[in-house]
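Everything below belongs to structure.cif, which stores mmCIF, C-alpha atoms.
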```cif
data_final
#
loop_
_atom_site.group_PDB
_atom_site.id
_atom_site.type_symbol
_atom_site.label_atom_id
_atom_site.label_comp_id
_atom_site.auth_asym_id
_atom_site.auth_seq_id
_atom_site.Cartn_x
_atom_site.Cartn_y
_atom_site.Cartn_z
ATOM 1 C CA MET A 1 54.840 47.336 132.458
ATOM 2 C CA ALA A 2 57.532 45.728 130.279
ATOM 3 C CA ARG A 3 58.185 47.385 126.946
ATOM 4 C CA PRO A 4 57.164 45.279 123.934
ATOM 5 C CA ARG A 5 60.019 43.968 121.814
ATOM 6 C CA SER A 6 60.643 45.999 118.698
ATOM 7 C CA PHE A 7 62.333 43.236 116.729
ATOM 8 C CA ASP A 8 61.386 40.001 115.018
ATOM 9 C CA GLU A 9 62.636 37.187 117.254
ATOM 10 C CA LYS A 10 62.717 34.591 114.472
ATOM 11 C CA GLN A 11 64.610 36.938 112.162
ATOM 12 C CA VAL A 12 67.193 37.606 114.875
ATOM 13 C CA LEU A 13 67.608 33.903 115.637
ATOM 14 C CA ASN A 14 68.044 33.119 111.941
ATOM 15 C CA ALA A 15 70.722 35.791 111.612
ATOM 16 C CA VAL A 16 72.501 34.511 114.705
ATOM 17 C CA ARG A 17 72.217 30.911 113.469
ATOM 18 C CA ASP A 18 73.834 31.874 110.166
ATOM 19 C CA GLN A 19 76.691 33.581 111.994
ATOM 20 C CA PHE A 20 77.400 30.504 114.123
ATOM 21 C CA TRP A 21 76.998 28.315 111.031
ATOM 22 C CA ASP A 22 79.520 30.327 108.999
ATOM 23 C CA ALA A 23 82.116 30.987 111.706
ATOM 24 C CA GLY A 24 81.545 28.350 114.369
ATOM 25 C CA TYR A 25 80.825 28.907 118.049
ATOM 26 C CA ALA A 26 84.267 29.843 119.360
ATOM 27 C CA ALA A 27 85.074 32.231 116.505
ATOM 28 C CA THR A 28 81.794 34.133 116.904
ATOM 29 C CA SER A 29 82.179 37.157 119.145
ATOM 30 C CA LEU A 30 79.611 39.256 120.949
ATOM 31 C CA GLU A 31 80.342 42.001 118.429
ATOM 32 C CA ASP A 32 79.477 39.576 115.612
ATOM 33 C CA LEU A 33 76.181 38.714 117.262
ATOM 34 C CA MET A 34 75.336 42.379 117.802
ATOM 35 C CA ARG A 35 76.204 43.162 114.192
ATOM 36 C CA VAL A 36 74.119 40.423 112.572
ATOM 37 C CA SER A 37 71.172 40.833 114.929
ATOM 38 C CA GLY A 38 71.108 44.619 114.898
ATOM 39 C CA LEU A 39 70.668 44.572 118.672
ATOM 40 C CA GLY A 40 72.748 45.999 121.465
ATOM 41 C CA LYS A 41 74.287 43.766 124.123
ATOM 42 C CA GLY A 42 71.604 44.572 126.687
ATOM 43 C CA SER A 43 68.706 43.850 124.348
ATOM 44 C CA LEU A 44 70.327 40.698 122.968
ATOM 45 C CA TYR A 45 71.093 39.153 126.328
ATOM 46 C CA ALA A 46 67.837 40.293 127.913
ATOM 47 C CA ALA A 47 65.882 38.514 125.179
ATOM 48 C CA PHE A 48 67.993 35.388 124.710
ATOM 49 C CA GLY A 49 70.492 35.076 127.542
ATOM 50 C CA ASP A 50 74.244 34.773 127.117
ATOM 51 C CA LYS A 51 76.170 33.582 124.065
ATOM 52 C CA ARG A 52 75.784 29.881 124.899
ATOM 53 C CA GLN A 53 72.040 30.155 125.513
ATOM 54 C CA LEU A 54 71.645 32.065 122.260
ATOM 55 C CA PHE A 55 73.628 29.404 120.411
ATOM 56 C CA LEU A 56 71.512 26.599 121.875
ATOM 57 C CA ARG A 57 68.296 28.413 120.897
ATOM 58 C CA ALA A 58 69.579 28.784 117.351
ATOM 59 C CA LEU A 59 70.754 25.165 117.200
ATOM 60 C CA HIS A 60 67.441 23.795 118.458
ATOM 61 C CA GLY A 61 65.586 25.918 115.922
ATOM 62 C CA TYR A 62 67.829 24.590 113.171
ATOM 63 C CA THR A 63 67.228 20.942 114.040
ATOM 64 C CA GLU A 64 63.478 21.489 114.314
ATOM 65 C CA GLU A 65 63.480 22.925 110.785
ATOM 66 C CA ILE A 66 65.644 20.085 109.478
ATOM 67 C CA HIS A 67 63.283 17.459 110.875
ATOM 68 C CA ALA A 68 60.224 19.262 109.526
ATOM 69 C CA GLU A 69 61.810 19.384 106.061
ATOM 70 C CA LEU A 70 62.909 15.743 106.271
ATOM 71 C CA ARG A 71 59.428 14.628 107.337
ATOM 72 C CA GLU A 72 57.890 16.545 104.421
ATOM 73 C CA VAL A 73 60.353 15.211 101.828
ATOM 74 C CA LEU A 74 59.891 11.612 102.949
ATOM 75 C CA ALA A 75 56.098 11.845 103.079
ATOM 76 C CA ASP A 76 55.504 13.725 99.823
ATOM 77 C CA ALA A 77 57.333 11.379 97.434
ATOM 78 C CA PRO A 78 54.944 9.110 95.477
ATOM 79 C CA ARG A 79 57.191 6.151 96.290
ATOM 80 C CA ALA A 80 59.322 5.827 99.396
ATOM 81 C CA LEU A 81 62.350 4.599 97.433
ATOM 82 C CA ASP A 82 62.449 7.882 95.510
ATOM 83 C CA ALA A 83 62.511 9.810 98.787
ATOM 84 C CA LEU A 84 65.331 7.651 100.145
ATOM 85 C CA ARG A 85 67.378 8.132 97.000
ATOM 86 C CA ALA A 86 66.823 11.873 97.249
ATOM 87 C CA LEU A 87 68.632 11.780 100.606
ATOM 88 C CA LEU A 88 71.780 10.799 98.716
ATOM 89 C CA GLU A 89 71.619 13.553 96.140
ATOM 90 C CA PRO A 90 74.927 15.428 96.193
ATOM 91 C CA PRO A 91 74.875 18.705 98.154
ATOM 92 C CA ILE A 92 75.233 21.003 95.147
ATOM 93 C CA ASP A 93 74.524 24.714 95.577
ATOM 94 C CA ALA A 94 71.587 25.531 93.311
ATOM 95 C CA SER A 95 70.875 28.940 94.841
ATOM 96 C CA PRO A 96 70.457 31.978 92.549
ATOM 97 C CA GLY A 97 73.792 33.469 91.616
ATOM 98 C CA ALA A 98 75.814 30.378 92.470
ATOM 99 C CA ASP A 99 78.360 29.133 89.962
ATOM 100 C CA ALA A 100 77.193 26.189 87.888
ATOM 101 C CA GLY A 101 77.948 23.000 89.784
ATOM 102 C CA ALA A 102 79.119 24.840 92.901
ATOM 103 C CA VAL A 103 79.460 22.568 95.904
ATOM 104 C CA THR A 104 78.000 23.615 99.232
ATOM 105 C CA ARG A 105 80.812 24.307 101.732
ATOM 106 C CA ARG A 106 78.752 25.141 104.792
ATOM 107 C CA GLY A 107 78.018 21.610 105.878
ATOM 108 C CA CYS A 108 75.474 20.673 108.539
ATOM 109 C CA LEU A 109 75.223 23.009 111.526
ATOM 110 C CA MET A 110 74.458 20.112 113.872
ATOM 111 C CA ALA A 111 77.419 18.070 112.666
ATOM 112 C CA ASN A 112 79.712 21.111 112.733
ATOM 113 C CA SER A 113 78.619 21.928 116.285
ATOM 114 C CA ALA A 114 78.999 18.362 117.541
ATOM 115 C CA TYR A 115 82.509 18.231 116.072
ATOM 116 C CA GLU A 116 83.495 21.550 117.614
ATOM 117 C CA LEU A 117 81.785 21.296 120.997
ATOM 118 C CA GLY A 118 80.781 17.684 121.603
ATOM 119 C CA ASN A 119 83.754 16.803 123.802
ATOM 120 C CA ALA A 120 83.428 19.937 125.912
ATOM 121 C CA ASP A 121 79.661 20.477 126.102
ATOM 122 C CA PRO A 122 77.539 17.480 127.162
ATOM 123 C CA GLU A 123 74.333 19.332 126.274
ATOM 124 C CA VAL A 124 75.416 19.809 122.665
ATOM 125 C CA LEU A 125 76.487 16.165 122.457
ATOM 126 C CA ALA A 126 73.165 14.978 123.917
ATOM 127 C CA HIS A 127 71.246 17.157 121.478
ATOM 128 C CA ALA A 128 73.272 15.766 118.580
ATOM 129 C CA HIS A 129 72.452 12.221 119.711
ATOM 130 C CA ARG A 130 68.734 13.011 119.953
ATOM 131 C CA THR A 131 68.814 14.744 116.586
ATOM 132 C CA TYR A 132 70.373 11.815 114.741
ATOM 133 C CA GLU A 133 68.163 9.289 116.516
ATOM 134 C CA LYS A 134 65.076 11.207 115.404
ATOM 135 C CA SER A 135 66.421 11.459 111.860
ATOM 136 C CA THR A 136 67.094 7.717 111.904
ATOM 137 C CA ALA A 137 63.540 7.013 113.054
ATOM 138 C CA LEU A 138 62.032 9.158 110.285
ATOM 139 C CA ILE A 139 64.206 7.525 107.629
ATOM 140 C CA GLY A 140 63.511 4.093 109.087
ATOM 141 C CA ASP A 141 59.775 4.630 108.717
ATOM 142 C CA CYS A 142 60.376 5.504 105.065
ATOM 143 C CA VAL A 143 62.476 2.352 104.599
ATOM 144 C CA ALA A 144 59.623 0.281 106.029
ATOM 145 C CA ARG A 145 57.237 1.965 103.598
ATOM 146 C CA ALA A 146 59.557 1.109 100.689
ATOM 147 C CA GLN A 147 59.549 -2.496 101.881
ATOM 148 C CA ARG A 148 55.751 -2.562 101.918
ATOM 149 C CA GLU A 149 55.788 -1.119 98.392
ATOM 150 C CA GLY A 150 58.056 -3.941 97.258
ATOM 151 C CA ASP A 151 61.022 -1.717 96.370
ATOM 152 C CA LEU A 152 63.356 -2.929 99.141
ATOM 153 C CA PRO A 153 63.964 -6.448 100.508
ATOM 154 C CA ALA A 154 61.419 -7.295 103.173
ATOM 155 C CA GLY A 155 64.013 -8.910 105.420
ATOM 156 C CA ALA A 156 66.259 -5.857 105.744
ATOM 157 C CA ASP A 157 66.423 -4.084 109.101
ATOM 158 C CA PRO A 158 64.839 -0.630 108.522
ATOM 159 C CA VAL A 159 66.774 1.003 111.369
ATOM 160 C CA ALA A 160 70.129 -0.398 110.246
ATOM 161 C CA LEU A 161 69.557 0.774 106.673
ATOM 162 C CA ALA A 162 68.348 4.150 107.934
ATOM 163 C CA ARG A 163 71.579 4.602 109.907
ATOM 164 C CA ALA A 164 73.636 3.642 106.861
ATOM 165 C CA LEU A 165 71.745 6.142 104.692
ATOM 166 C CA LEU A 166 72.166 8.892 107.286
ATOM 167 C CA ALA A 167 75.887 8.153 107.613
ATOM 168 C CA ALA A 168 76.247 8.215 103.818
ATOM 169 C CA GLN A 169 74.342 11.478 103.531
ATOM 170 C CA GLN A 170 76.440 13.134 106.249
ATOM 171 C CA GLY A 171 79.587 11.795 104.599
ATOM 172 C CA LEU A 172 78.612 13.441 101.324
ATOM 173 C CA VAL A 173 78.062 16.735 103.134
ATOM 174 C CA PHE A 174 81.473 16.452 104.773
ATOM 175 C CA MET A 175 83.184 15.605 101.479
ATOM 176 C CA SER A 176 81.561 18.650 99.900
ATOM 177 C CA ARG A 177 83.370 20.782 102.484
ATOM 178 C CA THR A 178 86.786 19.333 101.649
ATOM 179 C CA GLY A 179 86.796 20.815 98.146
ATOM 180 C CA LEU A 180 85.661 17.736 96.200
ATOM 181 C CA ASP A 181 84.335 18.989 92.881
ATOM 182 C CA ALA A 182 80.686 18.628 91.911
ATOM 183 C CA GLU A 183 81.325 15.928 89.294
ATOM 184 C CA ALA A 184 83.190 13.661 91.722
ATOM 185 C CA LEU A 185 80.641 14.309 94.442
ATOM 186 C CA THR A 186 77.800 13.360 92.095
ATOM 187 C CA ALA A 187 79.561 10.140 91.089
ATOM 188 C CA THR A 188 80.107 9.263 94.753
ATOM 189 C CA ALA A 189 76.453 9.918 95.587
ATOM 190 C CA ARG A 190 75.307 7.684 92.725
ATOM 191 C CA SER A 191 77.661 4.916 93.813
ATOM 192 C CA LEU A 192 76.308 5.036 97.359
ATOM 193 C CA ALA A 193 72.712 4.981 96.118
ATOM 194 C CA ALA A 194 73.434 1.984 93.889
ATOM 195 C CA ARG A 195 74.893 0.035 96.797
ATOM 196 C CA LEU A 196 72.491 1.002 99.555
ATOM 197 C CA LEU A 197 69.314 1.262 97.465
ATOM 198 C CA PRO A 198 69.734 -1.082 94.495
ATOM 199 C CA ASP A 199 67.033 -1.346 91.874
ATOM 200 C CA GLN A 200 65.178 -4.540 92.746
ATOM 201 C CA GLY A 201 64.200 -5.151 89.133
ATOM 202 C CA GLN A 202 67.813 -5.044 87.976
ATOM 203 C CA ALA A 203 68.956 -7.111 90.930
ATOM 204 C CA GLY A 204 66.518 -9.833 90.062
ATOM 205 C CA SER A 205 67.287 -9.828 86.333
ATOM 206 C CA GLY A 206 70.836 -11.197 86.765
#
```
Please rewrite the model in this file as structure tokens.
Amino acid sequence: MARPRSFDEKQVLNAVRDQFWDAGYAATSLEDLMRVSGLGKGSLYAAFGDKRQLFLRALHGYTEEIHAELREVLADAPRALDALRALLEPPIDASPGADAGAVTRRGCLMANSAYELGNADPEVLAHAHRTYEKSTALIGDCVARAQREGDLPAGADPVALARALLAAQQGLVFMSRTGLDAEALTATARSLAARLLPDQGQAGSG
């Protein structure tokens, strides 16, 4: 009879995910994975496979969480336009202990991984494509809702606008990693929102 696992699988995967997120795939060693997981090599590989399999498990878990959060944010807003504008809020670190106005430097794990591994690992590239297509579909549904609510032009293509919003949001995340200060990042986010999601009342008043 196999011995029951004496560790929390989700906790281990989260720790491993954070290691890959902070250091990247290539720079993460087996020793790093053993250290953050608290597991020996035998236990780690017996439970999750080799380094690549462990990375893919962590990456898939990350994207599932991102889509669950995105679905919740888009659905919970009283008006769809508010949810879409929230996508373009600057990625400012509001965690306890962070400096006031600190900008998040970590970026998006999926984007980081696609940049690092996309040319060499077709599975990572395919997962990135599926991830962004699903994100586009969720945002596109929200755009269509905003159109039904009269807050966006009815003739606009929801998918095209969704792709533009996703590209803008990912661009803001990337710019936050380059050292752009919080004030400039906020101004950029507001400029993008004004162009992509203009206030229909103001647009019609001119």
Checklist line | Residues matched by the PyMOL selection byres ((chain A and resi 60) around 10) as a list in words | finding: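 Listing what the PyMOL selection byres ((chain A and resi 60) around 10) selects in the shown file: Arg17, Phe55, Leu56, Arg57, Ala58, Leu59, Gly61, Tyr62, Thr63, Glu64, Glu65, Ile66, Met110, Val124, His127, Ala128 and Thr131 of chain A.
Residue nearest Ala164 in chain A within the list A:Gln147, A:Thr178, A:Ser29, A:Ser135: A:Ser135 [criterion: smallest interatomic distance, only C-alpha atoms].
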Next item on the list: Skip Gly24 in chain A itself and residues of its chain fewer than 2 positions away, then list as a PyMOL selection string all residues within 12 Å of it, counting only C-alpha atoms.
Entry: chain A and resi 16-22+26-29+32+55+59+106-117
Margin query: If I take CA of Leu13 in chain A and CA of Ser37 in chain A, how far is one from the other in Å, to one decimal?
Written below: 7.8 Å
Item checked: Point-to-point distance in Å for CA of Arg79 in chain A and CA of Glu149 in chain A -> 7.7 Å
Margin query: Would you pick out the contacts of range 154-161 of chain A at 9 Å or less, using all atoms listed in the file, so that residues sharing its chain but fewer than 3 positions from it are not included, and give the list as a ChimeraX atom specification?
Written below: /A:136-137,139-144,146-148,150-151,164-166,196
Quick one: axis-aligned box around all listed atoms of range 71-89 of chain A, 3 Å on every side, centre and edge lengths in Å to one decimal, written as JSON.
```
{"center_x": 63.4, "center_y": 10.6, "center_z": 101.4, "size_x": 22.8, "size_y": 17.9, "size_z": 17.9}
```
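The residue that comes closest to Ala75 in chain A, out of A:Ala194, A:Arg177, A:Gly49, A:Leu138 and on the basis of all atoms listed in the file, is A:Leu138.
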Excluding same-chain residues fewer than 4 positions from Ala83 in chain A, what lies within 7 Å of it counting all atoms listed in the file, as a PDB file with C-alpha atoms, keeping the file's coordinate frame?
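And here's result.pdb as it stands now:
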```pdb
ATOM      1  CA  VAL A  73      60.353  15.211 101.828  1.00  0.00           C
ATOM      2  CA  LEU A  74      59.891  11.612 102.949  1.00  0.00           C
ATOM      3  CA  ALA A  77      57.333  11.379  97.434  1.00  0.00           C
ATOM      4  CA  ARG A  79      57.191   6.151  96.290  1.00  0.00           C
ATOM      5  CA  LEU A  87      68.632  11.780 100.606  1.00  0.00           C
TER       6      LEU A  87
END
```
Next item on the list: Pick out the residues sitting within 7 Å of Thr186 in chain A, and hand them over as a list in words; count all atoms listed in the file, and ignore anything fewer than 4 positions along from it in its own chain.
Entry: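 These residues fall inside the cut-off: Pro90, Ala182 and Arg190 of chain A.
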Next item on the list: Quote the spacing between CA of Leu88 in chain A and CA of Leu172 in chain A in Å to one decimal place.
Entry: 7.8 Å
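With only C-alpha atoms as the basis for measurement, A:Phe7 is the residue among A:Phe7, A:Ala23, A:Glu69, A:Glu183 that approaches Gly40 in chain A most closely.
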